[in-house]
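Peer 1: This is work.cif (mmCIF, N, CA and C atoms).
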data_final
#
loop_
_atom_site.label_atom_id
_atom_site.label_comp_id
_atom_site.auth_asym_id
_atom_site.auth_seq_id
_atom_site.Cartn_x
_atom_site.Cartn_y
_atom_site.Cartn_z
N GLN A 59 -10.70 -15.92 6.26
CA GLN A 59 -9.37 -15.78 5.69
C GLN A 59 -9.39 -14.66 4.64
N VAL A 60 -8.44 -13.77 4.73
CA VAL A 60 -8.34 -12.65 3.80
C VAL A 60 -7.27 -12.97 2.76
N GLN A 61 -7.61 -12.72 1.52
CA GLN A 61 -6.64 -12.84 0.44
C GLN A 61 -6.55 -11.51 -0.28
N LEU A 62 -5.32 -11.14 -0.63
CA LEU A 62 -5.07 -9.86 -1.28
C LEU A 62 -4.35 -10.10 -2.60
N VAL A 63 -4.83 -9.45 -3.65
CA VAL A 63 -4.23 -9.62 -4.98
C VAL A 63 -3.97 -8.25 -5.57
N GLU A 64 -2.68 -7.95 -5.78
CA GLU A 64 -2.31 -6.65 -6.35
C GLU A 64 -2.25 -6.73 -7.87
N SER A 65 -2.42 -5.57 -8.50
CA SER A 65 -2.26 -5.44 -9.94
C SER A 65 -1.94 -3.98 -10.25
N GLY A 66 -1.51 -3.74 -11.47
CA GLY A 66 -1.30 -2.37 -11.91
C GLY A 66 0.14 -1.92 -11.99
N GLY A 67 1.08 -2.76 -11.58
CA GLY A 67 2.47 -2.37 -11.68
C GLY A 67 2.94 -2.33 -13.13
N GLY A 68 4.15 -1.84 -13.32
CA GLY A 68 4.70 -1.77 -14.67
C GLY A 68 5.91 -0.87 -14.71
N SER A 69 6.31 -0.54 -15.92
CA SER A 69 7.45 0.34 -16.14
C SER A 69 6.97 1.69 -16.61
N VAL A 70 7.57 2.73 -16.07
CA VAL A 70 7.16 4.09 -16.41
C VAL A 70 8.39 4.99 -16.36
N GLN A 71 8.34 6.07 -17.13
CA GLN A 71 9.42 7.03 -17.11
C GLN A 71 9.30 7.96 -15.90
N PRO A 72 10.40 8.54 -15.46
CA PRO A 72 10.32 9.51 -14.37
C PRO A 72 9.32 10.61 -14.67
N GLY A 73 8.53 10.96 -13.65
CA GLY A 73 7.47 11.94 -13.82
C GLY A 73 6.15 11.34 -14.20
N GLY A 74 6.14 10.06 -14.52
CA GLY A 74 4.91 9.39 -14.93
C GLY A 74 4.05 8.97 -13.76
N SER A 75 2.95 8.30 -14.08
CA SER A 75 1.98 7.88 -13.07
C SER A 75 1.60 6.42 -13.25
N LEU A 76 1.22 5.80 -12.16
CA LEU A 76 0.67 4.45 -12.17
C LEU A 76 -0.37 4.38 -11.07
N ARG A 77 -1.36 3.49 -11.25
CA ARG A 77 -2.31 3.23 -10.19
C ARG A 77 -2.29 1.75 -9.88
N LEU A 78 -1.98 1.44 -8.65
CA LEU A 78 -2.00 0.06 -8.18
C LEU A 78 -3.35 -0.26 -7.57
N SER A 79 -3.77 -1.50 -7.75
CA SER A 79 -5.02 -1.97 -7.16
C SER A 79 -4.73 -3.19 -6.30
N CYS A 80 -5.53 -3.34 -5.26
CA CYS A 80 -5.43 -4.50 -4.38
C CYS A 80 -6.84 -5.00 -4.12
N ALA A 81 -7.18 -6.11 -4.74
CA ALA A 81 -8.50 -6.69 -4.56
C ALA A 81 -8.47 -7.63 -3.35
N ALA A 82 -9.36 -7.38 -2.40
CA ALA A 82 -9.40 -8.17 -1.18
C ALA A 82 -10.61 -9.09 -1.19
N SER A 83 -10.38 -10.32 -0.79
CA SER A 83 -11.49 -11.25 -0.57
C SER A 83 -11.54 -11.55 0.91
N GLY A 84 -12.75 -11.62 1.44
CA GLY A 84 -12.90 -11.80 2.87
C GLY A 84 -13.21 -10.47 3.55
N TYR A 85 -13.51 -10.57 4.82
CA TYR A 85 -13.93 -9.39 5.58
C TYR A 85 -12.73 -8.56 5.97
N THR A 86 -12.71 -7.29 5.55
CA THR A 86 -11.60 -6.40 5.91
C THR A 86 -12.07 -5.09 6.53
N TYR A 87 -13.36 -4.96 6.80
CA TYR A 87 -13.86 -3.70 7.35
C TYR A 87 -13.21 -3.43 8.70
N SER A 88 -12.72 -2.22 8.87
CA SER A 88 -12.03 -1.72 10.06
C SER A 88 -10.60 -2.25 10.18
N TYR A 89 -10.14 -2.97 9.17
CA TYR A 89 -8.74 -3.39 9.17
C TYR A 89 -7.86 -2.19 8.86
N CYS A 90 -6.63 -2.24 9.31
CA CYS A 90 -5.62 -1.27 8.87
C CYS A 90 -5.05 -1.79 7.56
N MET A 91 -5.27 -1.03 6.49
CA MET A 91 -4.81 -1.43 5.17
C MET A 91 -3.61 -0.56 4.78
N ALA A 92 -2.67 -1.16 4.09
CA ALA A 92 -1.46 -0.41 3.78
C ALA A 92 -0.82 -0.88 2.49
N TRP A 93 -0.02 0.01 1.95
CA TRP A 93 0.88 -0.32 0.84
C TRP A 93 2.30 -0.24 1.38
N PHE A 94 3.04 -1.30 1.14
CA PHE A 94 4.45 -1.35 1.47
C PHE A 94 5.23 -1.48 0.16
N ARG A 95 6.53 -1.21 0.24
CA ARG A 95 7.38 -1.45 -0.91
C ARG A 95 8.73 -1.94 -0.43
N GLN A 96 9.38 -2.69 -1.31
CA GLN A 96 10.71 -3.21 -0.98
C GLN A 96 11.57 -3.17 -2.23
N ALA A 97 12.63 -2.39 -2.14
CA ALA A 97 13.61 -2.31 -3.22
C ALA A 97 14.71 -3.34 -2.97
N PRO A 98 15.41 -3.78 -4.02
CA PRO A 98 16.49 -4.77 -3.84
C PRO A 98 17.51 -4.30 -2.81
N GLY A 99 17.80 -5.18 -1.86
CA GLY A 99 18.80 -4.88 -0.86
C GLY A 99 18.33 -3.97 0.26
N LYS A 100 17.06 -3.62 0.25
CA LYS A 100 16.53 -2.72 1.28
C LYS A 100 15.40 -3.40 2.06
N GLU A 101 15.13 -2.85 3.23
CA GLU A 101 14.04 -3.38 4.04
C GLU A 101 12.68 -2.95 3.46
N ARG A 102 11.67 -3.74 3.77
CA ARG A 102 10.32 -3.39 3.35
C ARG A 102 9.87 -2.19 4.17
N GLU A 103 9.29 -1.21 3.50
CA GLU A 103 8.86 0.00 4.18
C GLU A 103 7.41 0.32 3.85
N GLY A 104 6.70 0.83 4.85
CA GLY A 104 5.32 1.24 4.63
C GLY A 104 5.29 2.61 3.99
N VAL A 105 4.45 2.79 2.98
CA VAL A 105 4.38 4.07 2.30
C VAL A 105 3.03 4.76 2.46
N ALA A 106 1.95 4.00 2.64
CA ALA A 106 0.64 4.61 2.76
C ALA A 106 -0.30 3.71 3.56
N PHE A 107 -1.16 4.35 4.38
CA PHE A 107 -2.02 3.60 5.29
C PHE A 107 -3.42 4.21 5.31
N ILE A 108 -4.42 3.34 5.52
CA ILE A 108 -5.79 3.79 5.66
C ILE A 108 -6.57 2.72 6.41
N VAL A 109 -7.52 3.13 7.22
CA VAL A 109 -8.39 2.18 7.89
C VAL A 109 -9.55 1.85 6.96
N SER A 110 -9.76 0.58 6.70
CA SER A 110 -10.84 0.16 5.82
C SER A 110 -12.17 0.67 6.35
N GLY A 111 -12.88 1.41 5.52
CA GLY A 111 -14.14 2.01 5.94
C GLY A 111 -13.98 3.39 6.51
N GLY A 112 -12.74 3.81 6.75
CA GLY A 112 -12.46 5.13 7.30
C GLY A 112 -11.98 6.09 6.24
N SER A 113 -11.53 7.26 6.67
CA SER A 113 -11.10 8.27 5.72
C SER A 113 -9.70 8.82 5.99
N SER A 114 -9.19 8.63 7.17
CA SER A 114 -7.88 9.18 7.49
C SER A 114 -6.80 8.38 6.78
N THR A 115 -5.83 9.11 6.24
CA THR A 115 -4.74 8.47 5.52
C THR A 115 -3.41 8.95 6.08
N TYR A 116 -2.38 8.14 5.92
CA TYR A 116 -1.06 8.46 6.44
C TYR A 116 -0.04 8.03 5.41
N TYR A 117 1.01 8.85 5.27
CA TYR A 117 2.00 8.61 4.25
C TYR A 117 3.41 8.75 4.78
N ALA A 118 4.31 7.99 4.19
CA ALA A 118 5.72 8.20 4.45
C ALA A 118 6.13 9.54 3.82
N ASP A 119 7.09 10.19 4.43
CA ASP A 119 7.53 11.50 3.93
C ASP A 119 8.01 11.41 2.48
N SER A 120 8.58 10.28 2.11
CA SER A 120 9.16 10.13 0.78
C SER A 120 8.11 10.14 -0.33
N VAL A 121 6.85 9.90 0.01
CA VAL A 121 5.80 9.85 -1.02
C VAL A 121 4.71 10.87 -0.80
N LYS A 122 4.77 11.60 0.31
CA LYS A 122 3.73 12.57 0.64
C LYS A 122 3.60 13.61 -0.46
N GLY A 123 2.38 13.85 -0.89
CA GLY A 123 2.13 14.82 -1.95
C GLY A 123 2.19 14.22 -3.34
N ARG A 124 2.69 13.01 -3.47
CA ARG A 124 2.78 12.35 -4.77
C ARG A 124 1.90 11.11 -4.86
N PHE A 125 1.75 10.40 -3.75
CA PHE A 125 0.96 9.17 -3.72
C PHE A 125 -0.34 9.42 -2.97
N THR A 126 -1.39 8.72 -3.38
CA THR A 126 -2.68 8.81 -2.71
C THR A 126 -3.25 7.41 -2.53
N ILE A 127 -3.54 7.07 -1.28
CA ILE A 127 -4.19 5.78 -0.99
C ILE A 127 -5.69 6.03 -0.90
N SER A 128 -6.45 5.11 -1.47
CA SER A 128 -7.91 5.23 -1.42
C SER A 128 -8.52 3.84 -1.45
N GLN A 129 -9.83 3.79 -1.28
CA GLN A 129 -10.50 2.49 -1.25
C GLN A 129 -11.89 2.60 -1.84
N ASP A 130 -12.34 1.51 -2.40
CA ASP A 130 -13.72 1.38 -2.87
C ASP A 130 -14.31 0.26 -2.04
N ASN A 131 -15.09 0.64 -1.02
CA ASN A 131 -15.61 -0.37 -0.10
C ASN A 131 -16.59 -1.32 -0.79
N ALA A 132 -17.31 -0.81 -1.77
CA ALA A 132 -18.26 -1.67 -2.47
C ALA A 132 -17.54 -2.78 -3.23
N LYS A 133 -16.36 -2.45 -3.74
CA LYS A 133 -15.58 -3.45 -4.49
C LYS A 133 -14.54 -4.14 -3.61
N ASN A 134 -14.45 -3.71 -2.35
CA ASN A 134 -13.44 -4.25 -1.44
C ASN A 134 -12.05 -4.18 -2.07
N THR A 135 -11.75 -3.02 -2.61
CA THR A 135 -10.50 -2.82 -3.34
C THR A 135 -9.77 -1.60 -2.81
N LEU A 136 -8.48 -1.75 -2.64
CA LEU A 136 -7.60 -0.69 -2.19
C LEU A 136 -6.79 -0.21 -3.38
N TYR A 137 -6.51 1.09 -3.44
CA TYR A 137 -5.76 1.66 -4.54
C TYR A 137 -4.58 2.47 -4.03
N LEU A 138 -3.59 2.62 -4.89
CA LEU A 138 -2.49 3.54 -4.64
C LEU A 138 -2.22 4.28 -5.94
N GLN A 139 -2.61 5.54 -5.98
CA GLN A 139 -2.33 6.38 -7.12
C GLN A 139 -0.95 7.00 -6.93
N MET A 140 -0.07 6.75 -7.87
CA MET A 140 1.31 7.24 -7.76
C MET A 140 1.59 8.21 -8.89
N ASN A 141 1.87 9.45 -8.54
CA ASN A 141 2.17 10.48 -9.52
C ASN A 141 3.60 10.97 -9.33
N SER A 142 4.10 11.67 -10.33
CA SER A 142 5.45 12.24 -10.26
C SER A 142 6.46 11.19 -9.82
N LEU A 143 6.40 10.05 -10.43
CA LEU A 143 7.26 8.94 -10.01
C LEU A 143 8.73 9.25 -10.25
N LYS A 144 9.54 8.74 -9.34
CA LYS A 144 10.98 8.94 -9.38
C LYS A 144 11.68 7.58 -9.47
N PRO A 145 12.90 7.56 -9.97
CA PRO A 145 13.63 6.27 -10.02
C PRO A 145 13.71 5.59 -8.66
N GLU A 146 13.79 6.38 -7.59
CA GLU A 146 13.88 5.79 -6.25
C GLU A 146 12.57 5.16 -5.79
N ASP A 147 11.51 5.32 -6.56
CA ASP A 147 10.25 4.63 -6.25
C ASP A 147 10.24 3.21 -6.79
N THR A 148 11.27 2.85 -7.54
CA THR A 148 11.35 1.50 -8.08
C THR A 148 11.41 0.48 -6.95
N ALA A 149 10.49 -0.47 -6.96
CA ALA A 149 10.40 -1.46 -5.89
C ALA A 149 9.29 -2.44 -6.21
N MET A 150 9.25 -3.51 -5.43
CA MET A 150 8.07 -4.38 -5.43
C MET A 150 7.11 -3.77 -4.42
N TYR A 151 5.87 -3.60 -4.85
CA TYR A 151 4.85 -2.99 -3.99
C TYR A 151 3.89 -4.07 -3.51
N TYR A 152 3.62 -4.03 -2.20
CA TYR A 152 2.76 -5.03 -1.57
C TYR A 152 1.58 -4.35 -0.88
N CYS A 153 0.45 -4.99 -0.99
CA CYS A 153 -0.73 -4.62 -0.23
C CYS A 153 -0.74 -5.47 1.05
N ALA A 154 -1.13 -4.89 2.17
CA ALA A 154 -1.13 -5.62 3.43
C ALA A 154 -2.32 -5.20 4.28
N ALA A 155 -2.73 -6.11 5.17
CA ALA A 155 -3.87 -5.84 6.04
C ALA A 155 -3.59 -6.33 7.45
N ALA A 156 -4.01 -5.52 8.42
CA ALA A 156 -3.86 -5.88 9.83
C ALA A 156 -5.24 -5.88 10.48
N SER A 157 -5.64 -6.99 11.05
CA SER A 157 -6.95 -7.05 11.69
C SER A 157 -6.90 -6.51 13.11
N ARG A 158 -5.74 -6.59 13.74
CA ARG A 158 -5.57 -6.06 15.08
C ARG A 158 -4.51 -4.98 15.04
N TRP A 159 -4.89 -3.79 15.42
CA TRP A 159 -3.94 -2.68 15.40
C TRP A 159 -4.37 -1.66 16.43
N ARG A 160 -3.41 -0.90 16.90
CA ARG A 160 -3.69 0.15 17.87
C ARG A 160 -3.70 1.50 17.18
N LEU A 161 -2.70 1.73 16.37
CA LEU A 161 -2.63 2.94 15.56
C LEU A 161 -2.34 2.50 14.15
N CYS A 162 -3.06 3.02 13.19
CA CYS A 162 -2.88 2.65 11.80
C CYS A 162 -2.07 3.75 11.12
N GLY A 163 -0.82 3.46 10.90
CA GLY A 163 0.03 4.47 10.28
C GLY A 163 1.47 3.99 10.28
N LEU A 164 2.38 4.93 10.13
CA LEU A 164 3.79 4.58 10.03
C LEU A 164 4.31 3.87 11.28
N GLN A 165 3.64 4.12 12.42
CA GLN A 165 4.10 3.52 13.66
C GLN A 165 3.59 2.10 13.85
N THR A 166 2.73 1.64 12.94
CA THR A 166 2.22 0.27 13.04
C THR A 166 3.33 -0.71 12.74
N ALA A 167 3.51 -1.66 13.64
CA ALA A 167 4.57 -2.66 13.45
C ALA A 167 4.27 -3.52 12.23
N ILE A 168 5.30 -3.76 11.45
CA ILE A 168 5.09 -4.56 10.24
C ILE A 168 4.57 -5.95 10.59
N THR A 169 4.92 -6.44 11.76
CA THR A 169 4.47 -7.77 12.20
C THR A 169 2.97 -7.79 12.49
N ASP A 170 2.35 -6.62 12.62
CA ASP A 170 0.90 -6.58 12.83
C ASP A 170 0.14 -6.92 11.55
N PHE A 171 0.82 -6.77 10.42
CA PHE A 171 0.18 -7.05 9.13
C PHE A 171 0.30 -8.54 8.85
N THR A 172 -0.81 -9.23 9.02
CA THR A 172 -0.80 -10.69 8.90
C THR A 172 -1.23 -11.18 7.52
N TYR A 173 -1.77 -10.26 6.72
CA TYR A 173 -2.20 -10.63 5.38
C TYR A 173 -1.42 -9.81 4.37
N TRP A 174 -0.87 -10.50 3.36
CA TRP A 174 -0.04 -9.86 2.35
C TRP A 174 -0.43 -10.37 0.96
N GLY A 175 -0.32 -9.46 0.00
CA GLY A 175 -0.45 -9.88 -1.38
C GLY A 175 0.87 -10.39 -1.90
N GLN A 176 0.87 -10.80 -3.16
CA GLN A 176 2.07 -11.38 -3.75
C GLN A 176 3.04 -10.32 -4.28
N GLY A 177 2.55 -9.09 -4.39
CA GLY A 177 3.40 -8.00 -4.85
C GLY A 177 3.24 -7.70 -6.32
N THR A 178 3.50 -6.46 -6.68
CA THR A 178 3.50 -6.04 -8.08
C THR A 178 4.69 -5.10 -8.28
N GLN A 179 5.43 -5.33 -9.35
CA GLN A 179 6.68 -4.60 -9.58
C GLN A 179 6.40 -3.24 -10.22
N VAL A 180 7.06 -2.23 -9.67
CA VAL A 180 7.03 -0.89 -10.25
C VAL A 180 8.46 -0.50 -10.57
N THR A 181 8.70 -0.14 -11.83
CA THR A 181 10.03 0.26 -12.27
C THR A 181 9.94 1.64 -12.91
N VAL A 182 10.73 2.57 -12.38
CA VAL A 182 10.75 3.94 -12.89
C VAL A 182 12.13 4.19 -13.48
N SER A 183 12.16 4.33 -14.78
CA SER A 183 13.44 4.46 -15.46
C SER A 183 13.27 5.16 -16.79
N SER A 184 14.29 5.92 -17.17
CA SER A 184 14.25 6.57 -18.47
C SER A 184 14.96 5.70 -19.51
#
Show me this structure written as C-alpha coordinates.
Peer 2:
Amino acid sequence: QVQLVESGGGSVQPGGSLRLSCAASGYTYSYCMAWFRQAPGKEREGVAFIVSGGSSTYYADSVKGRFTISQDNAKNTLYLQMNSLKPEDTAMYYCAAASRWRLCGLQTAITDFTYWGQGTQVTVSS
(Lines of atoms letter the chains of each structure in order from A and count residues from 1; the text may use other names and numbers.)
(Lines give C-alpha, C1' and ligand atoms only; values in the text may rest on other atoms or scores of the structure.)
Protein backbone atom coordinates (compact mmCIF):
# COMPACT_ATOMS: atom_id res chain seq x y z
CA GLN A 1 0.00 0.00 0.00
CA VAL A 2 1.36 3.40 -0.99
CA GLN A 3 0.74 6.47 1.12
CA LEU A 4 1.55 9.99 -0.02
CA VAL A 5 1.94 13.01 2.24
CA GLU A 6 2.37 16.49 0.79
CA SER A 7 3.90 19.50 2.51
CA GLY A 8 5.30 22.89 1.63
CA GLY A 9 2.22 24.82 0.60
CA GLY A 10 1.53 28.34 1.79
CA SER A 11 0.84 31.90 0.79
CA VAL A 12 3.19 33.83 -1.45
CA GLN A 13 3.16 37.03 -3.45
CA PRO A 14 3.09 36.98 -7.25
CA GLY A 15 6.55 36.27 -8.60
CA GLY A 16 7.50 34.29 -5.53
CA SER A 17 8.55 30.67 -5.16
CA LEU A 18 7.50 27.61 -3.20
CA ARG A 19 8.72 24.04 -3.10
CA LEU A 20 6.24 21.28 -2.47
CA SER A 21 7.29 17.90 -1.14
CA CYS A 22 5.53 14.55 -1.32
CA ALA A 23 6.85 11.85 0.98
CA ALA A 24 5.91 8.38 -0.22
CA SER A 25 5.74 5.26 1.89
CA GLY A 26 5.70 1.93 0.15
CA TYR A 27 7.15 0.79 -3.14
CA THR A 28 6.83 3.38 -5.90
CA TYR A 29 9.74 2.55 -8.21
CA SER A 30 8.67 2.78 -11.88
CA TYR A 31 5.36 4.34 -10.89
CA CYS A 32 4.09 7.34 -12.81
CA MET A 33 4.29 10.16 -10.27
CA ALA A 34 2.52 13.44 -10.75
CA TRP A 35 1.44 16.72 -9.26
CA PHE A 36 -2.13 17.77 -9.84
CA ARG A 37 -3.93 20.91 -8.77
CA GLN A 38 -7.53 21.91 -8.31
CA ALA A 39 -8.80 25.45 -7.99
CA PRO A 40 -12.27 26.20 -6.58
CA GLY A 41 -14.94 25.46 -9.15
CA LYS A 42 -12.49 23.89 -11.58
CA GLU A 43 -11.56 20.35 -12.52
CA ARG A 44 -8.42 18.74 -11.17
CA GLU A 45 -5.61 19.11 -13.68
CA GLY A 46 -2.22 17.48 -14.01
CA VAL A 47 0.66 19.93 -14.04
CA ALA A 48 3.84 17.83 -13.86
CA PHE A 49 4.77 14.17 -14.36
CA ILE A 50 7.79 11.94 -13.88
CA VAL A 51 8.43 8.20 -13.78
CA SER A 52 9.81 7.19 -10.41
CA GLY A 53 13.43 6.22 -10.96
CA GLY A 54 13.44 7.84 -14.40
CA SER A 55 14.46 11.23 -15.69
CA SER A 56 11.93 12.31 -18.30
CA THR A 57 9.53 14.99 -17.15
CA TYR A 58 6.36 16.41 -18.64
CA TYR A 59 4.54 19.63 -17.89
CA ALA A 60 1.29 21.36 -18.63
CA ASP A 61 1.77 24.37 -20.88
CA SER A 62 0.51 26.66 -18.11
CA VAL A 63 3.51 25.84 -15.88
CA LYS A 64 6.23 24.98 -18.39
CA GLY A 65 9.39 26.95 -17.69
CA ARG A 66 8.24 27.91 -14.19
CA PHE A 67 7.70 24.59 -12.39
CA THR A 68 10.16 21.73 -12.03
CA ILE A 69 9.28 18.22 -10.88
CA SER A 70 12.06 16.17 -9.35
CA GLN A 71 12.60 13.23 -7.04
CA ASP A 72 14.98 11.95 -4.41
CA ASN A 73 14.84 8.18 -4.76
CA ALA A 74 16.86 7.62 -1.61
CA LYS A 75 14.25 9.53 0.39
CA ASN A 76 11.33 8.30 -1.72
CA THR A 77 10.24 11.91 -2.01
CA LEU A 78 8.79 13.84 -4.92
CA TYR A 79 9.19 17.60 -5.25
CA LEU A 80 7.63 20.43 -7.19
CA GLN A 81 9.67 23.60 -7.37
CA MET A 82 7.39 26.47 -8.33
CA ASN A 83 8.91 29.76 -9.45
CA SER A 84 7.43 32.96 -10.86
CA LEU A 85 4.13 32.12 -9.25
CA LYS A 86 0.99 33.77 -10.55
CA PRO A 87 -2.42 34.30 -8.92
CA GLU A 88 -3.84 31.71 -11.32
CA ASP A 89 -1.56 29.11 -9.72
CA THR A 90 -3.69 29.34 -6.58
CA ALA A 91 -5.09 25.86 -5.93
CA MET A 92 -4.94 22.79 -3.78
CA TYR A 93 -1.97 20.75 -4.98
CA TYR A 94 -2.01 16.97 -4.85
CA CYS A 95 0.66 14.36 -5.27
CA ALA A 96 -0.49 11.21 -7.09
CA ALA A 97 0.92 7.86 -8.16
CA ALA A 98 -0.07 5.35 -10.81
CA SER A 99 1.29 1.81 -10.64
CA ARG A 100 -0.13 0.84 -14.02
CA TRP A 101 0.33 3.24 -16.88
CA ARG A 102 1.04 3.19 -20.57
CA LEU A 103 2.29 6.72 -21.05
CA CYS A 104 3.29 8.92 -18.13
CA GLY A 105 2.33 12.46 -18.95
CA LEU A 106 -0.54 14.76 -19.71
CA GLN A 107 -2.29 12.00 -21.64
CA THR A 108 -2.40 9.72 -18.60
CA ALA A 109 -5.98 9.26 -17.47
CA ILE A 110 -6.61 10.71 -14.05
CA THR A 111 -8.36 7.44 -13.15
CA ASP A 112 -5.01 5.65 -13.57
CA PHE A 113 -3.76 7.45 -10.47
CA THR A 114 -4.89 5.22 -7.65
CA TYR A 115 -2.85 6.79 -4.88
CA TRP A 116 -3.39 10.38 -3.74
CA GLY A 117 -2.13 12.60 -0.99
CA GLN A 118 -4.37 14.80 1.10
CA GLY A 119 -3.31 17.98 -0.69
CA THR A 120 -1.51 21.16 0.27
CA GLN A 121 -2.88 24.64 -0.37
CA VAL A 122 -0.98 27.16 -2.46
CA THR A 123 -2.24 30.74 -2.48
CA VAL A 124 -0.65 33.41 -4.67
CA SER A 125 -1.88 36.87 -3.82
CA SER A 126 -0.61 40.37 -3.29
Peer 1: Which residues are near A:Gln139? Cut-off 6 Å, only C-alpha atoms, ignore same chain within fewer than 5 positions. Put them as an mmCIF file with N, CA and C atoms, in the coordinates of the input.
Peer 2:
data_model
loop_
_atom_site.group_PDB
_atom_site.id
_atom_site.type_symbol
_atom_site.label_atom_id
_atom_site.label_comp_id
_atom_site.auth_asym_id
_atom_site.auth_seq_id
_atom_site.Cartn_x
_atom_site.Cartn_y
_atom_site.Cartn_z
ATOM 1 N N ARG A 77 -1.360 3.490 -11.250
ATOM 2 C CA ARG A 77 -2.310 3.230 -10.190
ATOM 3 C C ARG A 77 -2.290 1.750 -9.880
ATOM 4 N N PHE A 125 1.750 10.400 -3.750
ATOM 5 C CA PHE A 125 0.960 9.170 -3.720
ATOM 6 C C PHE A 125 -0.340 9.420 -2.970
ATOM 7 N N THR A 126 -1.390 8.720 -3.380
ATOM 8 C CA THR A 126 -2.680 8.810 -2.710
ATOM 9 C C THR A 126 -3.250 7.410 -2.530
#
Peer 1: Could you tell me which residues the PyMOL selection byres (((chain A and resi 85 and name CA) around 8) and name CA) grabs in this file, written as a list in words?
Peer 2: Gln59, Val60, Ser83, Gly84, Thr86 and Tyr87 of chain A
Peer 1: Go through A:Ala106, A:Leu78, A:Pro72, A:Thr135 one by one, measure the shortest atom-to-atom distance of each to A:Val121 using all atoms listed in the file, and give the residue with the smallest value.
Peer 2: A:Ala106
Peer 1: Please expand the PyMOL selection byres ((chain A and resi 89) around 7) into the concrete residues it hits in this file, giving the result as a PyMOL selection string.
Peer 2: chain A and resi 85-88+90-91+108-111+155-158
Peer 1: With 10 Å as the cut-off and only C-alpha atoms counted, what is the closest atom pair between each nearby residue of stretch 88-177 of chain A and stretch 65-71 of chain A? Distances in Å to one decimal, ordered by chain and number, as a tab-separated table.
Peer 2:
residue	atom	partner	partner_atom	distance
A:Tyr137	CA	A:Gly66	CA	9.5
A:Leu138	CA	A:Gly66	CA	9.4
A:Ser142	CA	A:Gln71	CA	9.5
A:Leu143	CA	A:Gln71	CA	7.7
A:Lys144	CA	A:Gln71	CA	8.1
A:Pro145	CA	A:Gln71	CA	8.3
A:Thr148	CA	A:Ser69	CA	9.0
A:Ala149	CA	A:Gly67	CA	9.9
A:Met150	CA	A:Gly67	CA	8.6
A:Tyr151	CA	A:Gly67	CA	8.1
A:Tyr152	CA	A:Ser65	CA	9.8
A:Cys153	CA	A:Ser65	CA	9.9
A:Gly175	CA	A:Ser65	CA	9.8
A:Gln176	CA	A:Ser65	CA	9.6
A:Gly177	CA	A:Ser65	CA	8.0
Peer 1: What does the distance from atom C of A:Phe94 to atom N of A:Gly73 come to in Å, to one decimal?
Peer 2: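 Computed distance, atom C of A:Phe94 to atom N of A:Gly73, equals 18.9 Å.
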Peer 1: Could you state the separation of atom CA of A:Ile127 and atom CA of A:Asp147 in Å, given to one decimal place?
Peer 2: 15.4 Å
Peer 1: Using all atoms listed in the file, collect all residues at a distance of at most 7 Å from (-4.7, 10.2, 4.3) as written in the file, then present them as a list of chain:residue names.
Peer 2: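 Within 7 Å of (-4.7, 10.2, 4.3), the protein and nucleic acid residues are A:Phe107, A:Ile108, A:Ser113, A:Ser114, A:Thr115, A:Tyr116, A:Tyr117, A:Ile127.
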Peer 1: Show me, as an NGL selection string, the residues that have an atom within 8 Å of A:Ala82 when counting only N, CA and C atoms, minus same-chain residues fewer than 4 positions from it.
Peer 2: :A and (60-64 or 86 or 133-136)
Peer 1: With N, CA and C atoms retained, could you export that selection as a short mmCIF file (atom, residue, chain, number, x, y, z; two decimals), in the frame of the given file?
Peer 2:
data_model
loop_
_atom_site.label_atom_id
_atom_site.label_comp_id
_atom_site.auth_asym_id
_atom_site.auth_seq_id
_atom_site.Cartn_x
_atom_site.Cartn_y
_atom_site.Cartn_z
N VAL A 60 -8.44 -13.77 4.73
CA VAL A 60 -8.34 -12.65 3.80
C VAL A 60 -7.27 -12.97 2.76
N GLN A 61 -7.61 -12.72 1.52
CA GLN A 61 -6.64 -12.84 0.44
C GLN A 61 -6.55 -11.51 -0.28
N LEU A 62 -5.32 -11.14 -0.63
CA LEU A 62 -5.07 -9.86 -1.28
C LEU A 62 -4.35 -10.10 -2.60
N VAL A 63 -4.83 -9.45 -3.65
CA VAL A 63 -4.23 -9.62 -4.98
C VAL A 63 -3.97 -8.25 -5.57
N GLU A 64 -2.68 -7.95 -5.78
CA GLU A 64 -2.31 -6.65 -6.35
C GLU A 64 -2.25 -6.73 -7.87
N THR A 86 -12.71 -7.29 5.55
CA THR A 86 -11.60 -6.40 5.91
C THR A 86 -12.07 -5.09 6.53
N LYS A 133 -16.36 -2.45 -3.74
CA LYS A 133 -15.58 -3.45 -4.49
C LYS A 133 -14.54 -4.14 -3.61
N ASN A 134 -14.45 -3.71 -2.35
CA ASN A 134 -13.44 -4.25 -1.44
C ASN A 134 -12.05 -4.18 -2.07
N THR A 135 -11.75 -3.02 -2.61
CA THR A 135 -10.50 -2.82 -3.34
C THR A 135 -9.77 -1.60 -2.81
N LEU A 136 -8.48 -1.75 -2.64
CA LEU A 136 -7.60 -0.69 -2.19
C LEU A 136 -6.79 -0.21 -3.38
#
Peer 1: Would you return as number ranges by chain the members of stretch 99-165 of chain A that DSSP assigns to strand (DSSP E) on this structure's backbone?
Peer 2: A: 103-109, 115-117, 125-130, 135-140, 149-156
Peer 1: So what do you get for atom CA of A:Ala132 versus atom CA of A:Ala81, distance-wise?
Peer 2: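 Taking atom CA of A:Ala132 and atom CA of A:Ala81, their separation equals 11.2 Å.
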Peer 1: Looking at A:Lys122, A:Lys100, A:Met140, A:Asp170, which one is nearest to A:Ala154, with distances taken over all atoms listed in the file?
Peer 2: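 Using all atoms listed in the file, the shortest distance to A:Ala154 belongs to A:Asp170.
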Peer 1: Taking the DSSP secondary structure from the backbone, can you list the residues of stretch 66-172 of chain A that are helix (DSSP H, G or I), as a ChimeraX atom specification?
Peer 2: /A:145-147,168-170
